[in-house]
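Student: PDB, C-alpha atoms, file data15.pdb:
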```pdb
ATOM      1  CA  MET C   6     -26.705  41.232  24.180
ATOM      2  CA  LEU C   7     -29.254  38.547  25.054
ATOM      3  CA  THR C   8     -31.402  39.503  22.054
ATOM      4  CA  GLY C   9     -28.438  39.128  19.695
ATOM      5  CA  LEU C  10     -27.601  35.738  21.165
ATOM      6  CA  LEU C  11     -31.218  34.603  20.834
ATOM      7  CA  ILE C  12     -31.380  35.787  17.206
ATOM      8  CA  SER C  13     -28.117  33.965  16.428
ATOM      9  CA  LEU C  14     -29.410  30.786  18.038
ATOM     10  CA  LEU C  15     -32.681  30.981  16.088
ATOM     11  CA  ALA C  16     -30.725  31.547  12.850
ATOM     12  CA  VAL C  17     -28.618  28.425  13.486
ATOM     13  CA  VAL C  18     -31.736  26.376  14.278
ATOM     14  CA  ALA C  19     -33.396  27.679  11.093
ATOM     15  CA  LEU C  20     -30.360  26.725   8.999
ATOM     16  CA  PHE C  21     -30.316  23.237  10.523
ATOM     17  CA  ALA C  22     -34.034  22.873   9.729
ATOM     18  CA  ILE C  23     -33.396  23.148   5.979
ATOM     19  CA  PRO C  24     -33.351  19.651   4.401
ATOM     20  CA  VAL C  25     -30.198  18.206   2.848
ATOM     21  CA  ALA C  26     -30.417  15.890  -0.163
ATOM     22  CA  LEU C  27     -27.746  13.346  -1.087
ATOM     23  CA  ASP C  28     -27.916  11.936  -4.604
ATOM     24  CA  PHE C  29     -25.474   9.060  -4.928
ATOM     25  CA  ARG C  30     -24.151   6.587  -7.448
ATOM     26  CA  PHE C  31     -21.681   3.907  -6.437
ATOM     27  CA  ASP C  32     -20.498   0.949  -8.508
ATOM     28  CA  TRP C  33     -17.805  -1.482  -7.436
ATOM     29  CA  PRO C  34     -15.352  -2.580  -8.824
ATOM     30  CA  ASP C  35     -16.072  -0.101 -11.640
ATOM     31  CA  ASP C  36     -15.660   3.391 -10.230
ATOM     32  CA  GLU C  37     -16.415   5.440 -13.334
ATOM     33  CA  GLY C  38     -19.064   8.025 -12.488
ATOM     34  CA  ASN C  39     -19.223   7.253  -8.771
ATOM     35  CA  GLU C  40     -20.279  10.394  -6.952
ATOM     36  CA  ILE C  41     -22.322  12.021  -4.244
ATOM     37  CA  ILE C  42     -24.160  15.247  -5.022
ATOM     38  CA  LEU C  43     -25.008  17.227  -1.890
ATOM     39  CA  THR C  44     -27.863  19.715  -2.282
ATOM     40  CA  TRP C  45     -28.935  22.126   0.446
ATOM     41  CA  ALA C  46     -31.209  25.165   0.737
ATOM     42  CA  LEU C  47     -33.487  24.137  -2.140
ATOM     43  CA  GLY C  48     -30.572  23.938  -4.573
ATOM     44  CA  LEU C  49     -28.757  27.151  -3.602
ATOM     45  CA  VAL C  50     -25.824  25.058  -2.377
ATOM     46  CA  ARG C  51     -24.869  22.139  -4.602
ATOM     47  CA  THR C  52     -21.607  20.230  -4.286
ATOM     48  CA  ARG C  53     -20.414  17.240  -6.288
ATOM     49  CA  ILE C  54     -18.126  14.832  -4.448
ATOM     50  CA  PRO C  55     -16.461  12.288  -6.747
ATOM     51  CA  ILE C  56     -15.697   8.857  -5.303
ATOM     52  CA  LYS C  57     -12.708   7.070  -6.820
ATOM     53  CA  ALA C  58     -11.992   3.553  -5.602
ATOM     54  CA  SER C  59      -8.585   3.678  -7.317
ATOM     55  CA  GLU C  60      -7.480   6.463  -4.936
ATOM     56  CA  ARG C  61      -7.894   4.289  -1.848
ATOM     57  CA  ILE C  62      -4.895   3.701   0.402
ATOM     58  CA  PRO C  63      -3.396   0.276  -0.343
ATOM     59  CA  ALA C  64      -4.004  -2.190   2.490
ATOM     60  CA  THR C  65      -0.297  -3.069   2.656
ATOM     61  CA  SER C  66       0.775   0.497   3.372
ATOM     62  CA  ALA C  67      -2.013   1.380   5.785
ATOM     63  CA  LYS C  68      -1.264   1.016   9.481
ATOM     64  CA  ARG C  69      -3.588  -1.457  11.102
ATOM     65  CA  ARG C  70      -4.772  -0.665  14.565
ATOM     66  CA  ASP C  71      -6.036  -3.282  16.902
ATOM     67  CA  SER C  72      -9.785  -2.793  17.290
ATOM     68  CA  THR C  73      -9.529  -3.588  20.970
ATOM     69  CA  GLN C  74      -7.411  -0.522  21.646
ATOM     70  CA  SER C  75      -8.705   2.948  22.332
ATOM     71  CA  GLY C  76      -6.897   6.145  21.416
ATOM     72  CA  SER C  77      -5.248   6.208  24.844
ATOM     73  CA  GLY C  78      -3.762   2.746  24.370
ATOM     74  CA  GLN C  79      -6.009   1.144  27.003
ATOM     75  CA  PRO C  80      -8.087  -1.878  25.999
ATOM     76  CA  ARG C  81     -11.778  -1.397  25.375
ATOM     77  CA  ASN C  82     -14.348  -3.982  26.337
ATOM     78  CA  VAL C  83     -17.049  -3.456  23.705
ATOM     79  CA  LEU C  84     -18.713  -6.767  24.518
ATOM     80  CA  ALA C  85     -19.363  -5.576  28.077
ATOM     81  CA  ALA C  86     -21.529  -2.774  26.683
ATOM     82  CA  VAL C  87     -23.281  -5.054  24.186
ATOM     83  CA  ARG C  88     -24.141  -7.515  26.953
ATOM     84  CA  GLN C  89     -26.223  -4.847  28.689
ATOM     85  CA  ARG C  90     -29.818  -5.142  27.561
ATOM     86  CA  SER C  91     -30.610  -1.449  28.081
ATOM     87  CA  PHE C  92     -27.640  -0.395  25.933
ATOM     88  CA  ARG C  93     -28.600  -2.815  23.123
ATOM     89  CA  GLU C  94     -32.195  -1.605  23.156
ATOM     90  CA  ARG C  95     -31.048   2.027  23.058
ATOM     91  CA  VAL C  96     -28.751   1.337  20.089
ATOM     92  CA  TYR C  97     -31.590  -0.457  18.248
ATOM     93  CA  ARG C  98     -33.904   2.476  18.924
ATOM     94  CA  PHE C  99     -31.233   4.943  17.734
ATOM     95  CA  VAL C 100     -30.705   3.034  14.474
ATOM     96  CA  GLY C 101     -34.474   2.779  13.956
ATOM     97  CA  ASP C 102     -34.950   6.499  14.584
ATOM     98  CA  LEU C 103     -32.192   7.334  12.094
ATOM     99  CA  TRP C 104     -33.681   4.933   9.534
ATOM    100  CA  ARG C 105     -37.075   6.648   9.833
ATOM    101  CA  ALA C 106     -35.555  10.157   9.792
ATOM    102  CA  VAL C 107     -33.867   9.610   6.428
ATOM    103  CA  ILE C 108     -36.275   9.832   3.501
ATOM    104  CA  LYS C 109     -35.233   7.300   0.889
ATOM    105  CA  GLU C 110     -36.201   8.006  -2.727
ATOM    106  CA  ASP C 111     -35.654   5.504  -5.529
ATOM    107  CA  VAL C 112     -32.781   3.745  -3.779
ATOM    108  CA  TYR C 113     -31.482   0.757  -5.737
ATOM    109  CA  VAL C 114     -28.805  -1.600  -4.431
ATOM    110  CA  HIS C 115     -27.655  -4.733  -6.226
ATOM    111  CA  ALA C 116     -24.757  -6.666  -4.731
ATOM    112  CA  ARG C 117     -23.028 -10.013  -5.077
ATOM    113  CA  ILE C 118     -20.786 -11.189  -2.275
ATOM    114  CA  GLY C 119     -18.612 -14.238  -1.938
ATOM    115  CA  LEU C 120     -15.620 -15.220   0.149
ATOM    116  CA  ASP C 121     -12.812 -17.571  -0.836
ATOM    117  CA  ASN C 122     -14.310 -20.369   1.283
ATOM    118  CA  PRO C 123     -17.949 -21.371   0.610
ATOM    119  CA  ALA C 124     -18.440 -22.141   4.313
ATOM    120  CA  ASP C 125     -17.373 -18.593   5.211
ATOM    121  CA  THR C 126     -19.735 -17.248   2.544
ATOM    122  CA  GLY C 127     -22.524 -19.243   4.175
ATOM    123  CA  LYS C 128     -21.707 -17.776   7.594
ATOM    124  CA  LEU C 129     -21.689 -14.261   6.123
ATOM    125  CA  TRP C 130     -24.951 -14.929   4.309
ATOM    126  CA  ALA C 131     -26.548 -16.096   7.563
ATOM    127  CA  PHE C 132     -26.199 -12.492   8.747
ATOM    128  CA  VAL C 133     -26.585 -10.546   5.474
ATOM    129  CA  GLY C 134     -29.496 -12.549   4.047
ATOM    130  CA  PRO C 135     -32.052 -11.779   6.787
ATOM    131  CA  ALA C 136     -30.882  -8.147   6.974
ATOM    132  CA  SER C 137     -31.422  -7.711   3.223
ATOM    133  CA  ALA C 138     -34.857  -9.367   3.479
ATOM    134  CA  ILE C 139     -35.866  -6.879   6.182
ATOM    135  CA  ALA C 140     -34.516  -3.944   4.146
ATOM    136  CA  LYS C 141     -36.504  -5.078   1.085
ATOM    137  CA  ARG C 142     -39.719  -4.301   2.967
ATOM    138  CA  ALA C 143     -38.903  -0.580   3.071
ATOM    139  CA  LYS C 144     -40.719   1.745   0.698
ATOM    140  CA  SER C 145     -38.824   3.316  -2.226
ATOM    141  CA  ILE C 146     -35.938   0.865  -1.810
ATOM    142  CA  SER C 147     -34.991  -1.980  -4.101
ATOM    143  CA  ILE C 148     -32.341  -4.219  -2.573
ATOM    144  CA  ASP C 149     -31.031  -7.385  -4.180
ATOM    145  CA  ILE C 150     -28.083  -9.061  -2.452
ATOM    146  CA  ALA C 151     -26.990 -12.473  -3.676
ATOM    147  CA  PRO C 152     -24.324 -14.824  -2.337
ATOM    148  CA  ASP C 153     -21.623 -16.252  -4.611
ATOM    149  CA  PHE C 154     -20.460 -19.608  -3.265
ATOM    150  CA  VAL C 155     -18.140 -20.280  -6.232
ATOM    151  CA  SER C 156     -15.642 -17.429  -6.144
ATOM    152  CA  GLU C 157     -14.380 -14.613  -3.982
ATOM    153  CA  THR C 158     -16.220 -11.564  -5.231
ATOM    154  CA  LEU C 159     -17.684  -8.234  -4.252
ATOM    155  CA  GLU C 160     -19.813  -6.376  -6.755
ATOM    156  CA  ILE C 161     -22.018  -3.430  -5.864
ATOM    157  CA  ASP C 162     -24.273  -1.329  -8.071
ATOM    158  CA  SER C 163     -26.209   1.339  -6.175
ATOM    159  CA  ARG C 164     -27.890   4.659  -6.751
ATOM    160  CA  GLY C 165     -30.588   6.778  -5.213
ATOM    161  CA  ARG C 166     -31.493   9.873  -3.252
ATOM    162  CA  LEU C 167     -31.539  10.364   0.517
ATOM    163  CA  ARG C 168     -33.060  13.406   2.210
ATOM    164  CA  LEU C 169     -32.694  14.380   5.826
ATOM    165  CA  VAL C 170     -33.176  17.342   8.108
ATOM    166  CA  PRO C 171     -29.928  18.029  10.027
ATOM    167  CA  LEU C 172     -31.878  19.377  13.025
ATOM    168  CA  GLN C 173     -33.853  16.145  13.321
ATOM    169  CA  VAL C 174     -30.716  13.978  13.030
ATOM    170  CA  SER C 175     -28.950  16.186  15.602
ATOM    171  CA  ILE C 176     -31.819  15.763  18.063
ATOM    172  CA  ILE C 177     -31.709  11.967  17.587
ATOM    173  CA  ALA C 178     -27.920  11.926  18.131
ATOM    174  CA  ILE C 179     -28.137  14.155  21.215
ATOM    175  CA  GLY C 180     -30.854  11.904  22.615
ATOM    176  CA  MET C 181     -28.541   8.927  22.146
ATOM    177  CA  LEU C 182     -25.607  10.714  23.792
ATOM    178  CA  LEU C 183     -27.657  11.882  26.774
ATOM    179  CA  SER C 184     -29.319   8.526  27.368
ATOM    180  CA  PRO C 185     -28.442   6.860  30.685
ATOM    181  CA  ALA C 186     -28.226   3.505  28.854
ATOM    182  CA  THR C 187     -25.485   4.929  26.599
ATOM    183  CA  TRP C 188     -23.459   6.124  29.562
ATOM    184  CA  GLN C 189     -23.889   2.778  31.310
ATOM    185  CA  GLY C 190     -22.548   1.097  28.183
ATOM    186  CA  ILE C 191     -19.573   3.485  28.048
ATOM    187  CA  ARG C 192     -18.799   2.838  31.716
ATOM    188  CA  ALA C 193     -18.968  -0.914  31.067
ATOM    189  CA  MET C 194     -16.550  -0.570  28.138
ATOM    190  CA  ARG C 195     -14.067   1.368  30.270
ATOM    191  CA  ALA C 196     -14.248  -1.034  33.193
ATOM    192  CA  ARG C 197     -11.535  -3.665  33.261
TER     193      ARG C 197
END
```
Just give me the structure as structure tokens.
Tutor:
Amino acid sequence: MLTGLLISLLAVVALFAIPVALDFRFDWPDDEGNEIILTWALGLVRTRIPIKASERIPATSAKRRDSTQSGSGQPRNVLAAVRQRSFRERVYRFVGDLWRAVIKEDVYVHARIGLDNPADTGKLWAFVGPASAIAKRAKSISIDIAPDFVSETLEIDSRGRLRLVPLQVSIIAIGMLLSPATWQGIRAMRAR
């Protein structure tokens, strides 16, 4: 009984140790040829997932939910968690660990963004500009994001390949979930 359980557990761990590759192509507003190709087990499993922007749910028919509400209908205080230094540092470490765990190959992203008000575009660019400059330093990634202060626009042209090991990502996620800083942040969000 115990031997069978141990063999099953080792088989699951072995399956999770096999890398997964995601080849993607995404263009907006043109959605012709947008897709994700998922490859696992050295090509034995290969799935193509088409992405059609025209099949999105129209914003007028979608129900909007207040972001301050949880599933139980009680308000969440996300800022209380963000104000905790230990929680912020743990989230930064989690994002950094995920960034390093994903192997990026020939990733290309070109985007133009603009809002209807040039001042709002400037505020958005104050956040996006430095983030894109930091991302440009990464190996095997070409990122070019430009602001458009004249018109409201969103254009994205991206393609590339991402590889990850599900076991490694699972360990990073479990580490985040079991961290005392995460639980302190959750308790702060639930507190009124």
Student: If you apply the PyMOL selection byres ((chain C and resi 47-54) around 12) to this file, what residues do you get, as a list in words?
Tutor: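 This file, filtered by the PyMOL selection byres ((chain C and resi 47-54) around 12), leaves Leu20, Ala22, Ile23, Pro24, Val25, Ala26, Leu27, Asp28, Phe29, Arg30, Phe31, Gly38, Asn39, Glu40, Ile41, Ile42, Leu43, Thr44, Trp45, Ala46, Pro55, Ile56, Lys57 and Arg168 of chain C.
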Student: Smallest atom-to-atom distance to C:Ile179: which of C:Trp130, C:Phe21, C:Trp33, C:Phe99, using only C-alpha atoms?
Tutor: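 Closest residue, counting only C-alpha atoms: C:Phe99.
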Student: In Å, with one decimal, what is the gap from atom CA of C:Leu159 to atom CA of C:Ser145?
Tutor: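 That distance, rounded to one decimal, is 24.2 Å.
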Student: Just how far from atom CA of C:Ile108 is atom CA of C:Leu167, in Å to one decimal?
Tutor: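 Taking atom CA of C:Leu167 as the start and atom CA of C:Ile108 as the end point, the length is 5.6 Å.
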Student: Within 8 Å of C:Phe154, counting all atoms listed in the file, which residues qualify if same-chain residues fewer than 6 places away don't, as a list in words?
Tutor: Gly119, Leu120, Asn122, Pro123, Thr126 and Gly127 of chain C
Student: Using all atoms listed in the file for the distances, tell me which of C:Ala186, C:Val112, C:Met194, C:Ala131 is nearest to C:Gly165.
Tutor: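 That would be C:Val112, the residue with the smallest distance to C:Gly165.
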Student: Find the spatial neighbours of C:Glu160, counting all atoms listed in the file, within a cut-off of 9 Å - ignore same-chain residues fewer than 5 positions away - and output them as a ChimeraX atom specification.
Tutor: /C:32-35,115-118
Student: Evaluate the PyMOL selection byres ((chain C and resi 96) around 12) against this structure - the residues, as a PDB file with C-alpha atoms, keeping the file's coordinate frame, please.
Tutor:
```pdb
ATOM      1  CA  ALA C  86     -21.529  -2.774  26.683  1.00  0.00           C
ATOM      2  CA  VAL C  87     -23.281  -5.054  24.186  1.00  0.00           C
ATOM      3  CA  GLN C  89     -26.223  -4.847  28.689  1.00  0.00           C
ATOM      4  CA  ARG C  90     -29.818  -5.142  27.561  1.00  0.00           C
ATOM      5  CA  SER C  91     -30.610  -1.449  28.081  1.00  0.00           C
ATOM      6  CA  PHE C  92     -27.640  -0.395  25.933  1.00  0.00           C
ATOM      7  CA  ARG C  93     -28.600  -2.815  23.123  1.00  0.00           C
ATOM      8  CA  GLU C  94     -32.195  -1.605  23.156  1.00  0.00           C
ATOM      9  CA  ARG C  95     -31.048   2.027  23.058  1.00  0.00           C
ATOM     10  CA  TYR C  97     -31.590  -0.457  18.248  1.00  0.00           C
ATOM     11  CA  ARG C  98     -33.904   2.476  18.924  1.00  0.00           C
ATOM     12  CA  PHE C  99     -31.233   4.943  17.734  1.00  0.00           C
ATOM     13  CA  VAL C 100     -30.705   3.034  14.474  1.00  0.00           C
ATOM     14  CA  GLY C 101     -34.474   2.779  13.956  1.00  0.00           C
ATOM     15  CA  ASP C 102     -34.950   6.499  14.584  1.00  0.00           C
ATOM     16  CA  LEU C 103     -32.192   7.334  12.094  1.00  0.00           C
ATOM     17  CA  ILE C 177     -31.709  11.967  17.587  1.00  0.00           C
ATOM     18  CA  ALA C 178     -27.920  11.926  18.131  1.00  0.00           C
ATOM     19  CA  GLY C 180     -30.854  11.904  22.615  1.00  0.00           C
ATOM     20  CA  MET C 181     -28.541   8.927  22.146  1.00  0.00           C
ATOM     21  CA  LEU C 182     -25.607  10.714  23.792  1.00  0.00           C
ATOM     22  CA  SER C 184     -29.319   8.526  27.368  1.00  0.00           C
ATOM     23  CA  PRO C 185     -28.442   6.860  30.685  1.00  0.00           C
ATOM     24  CA  ALA C 186     -28.226   3.505  28.854  1.00  0.00           C
ATOM     25  CA  THR C 187     -25.485   4.929  26.599  1.00  0.00           C
ATOM     26  CA  TRP C 188     -23.459   6.124  29.562  1.00  0.00           C
ATOM     27  CA  GLY C 190     -22.548   1.097  28.183  1.00  0.00           C
TER      28      GLY C 190
END
```
Student: Report as number ranges by chain all protein, DNA and RNA residues lying within 9 Å of C:Asp121, evaluated on only C-alpha atoms, omitting residues in the same chain fewer than 3 positions from it.
Tutor: C: 124-126, 154-158
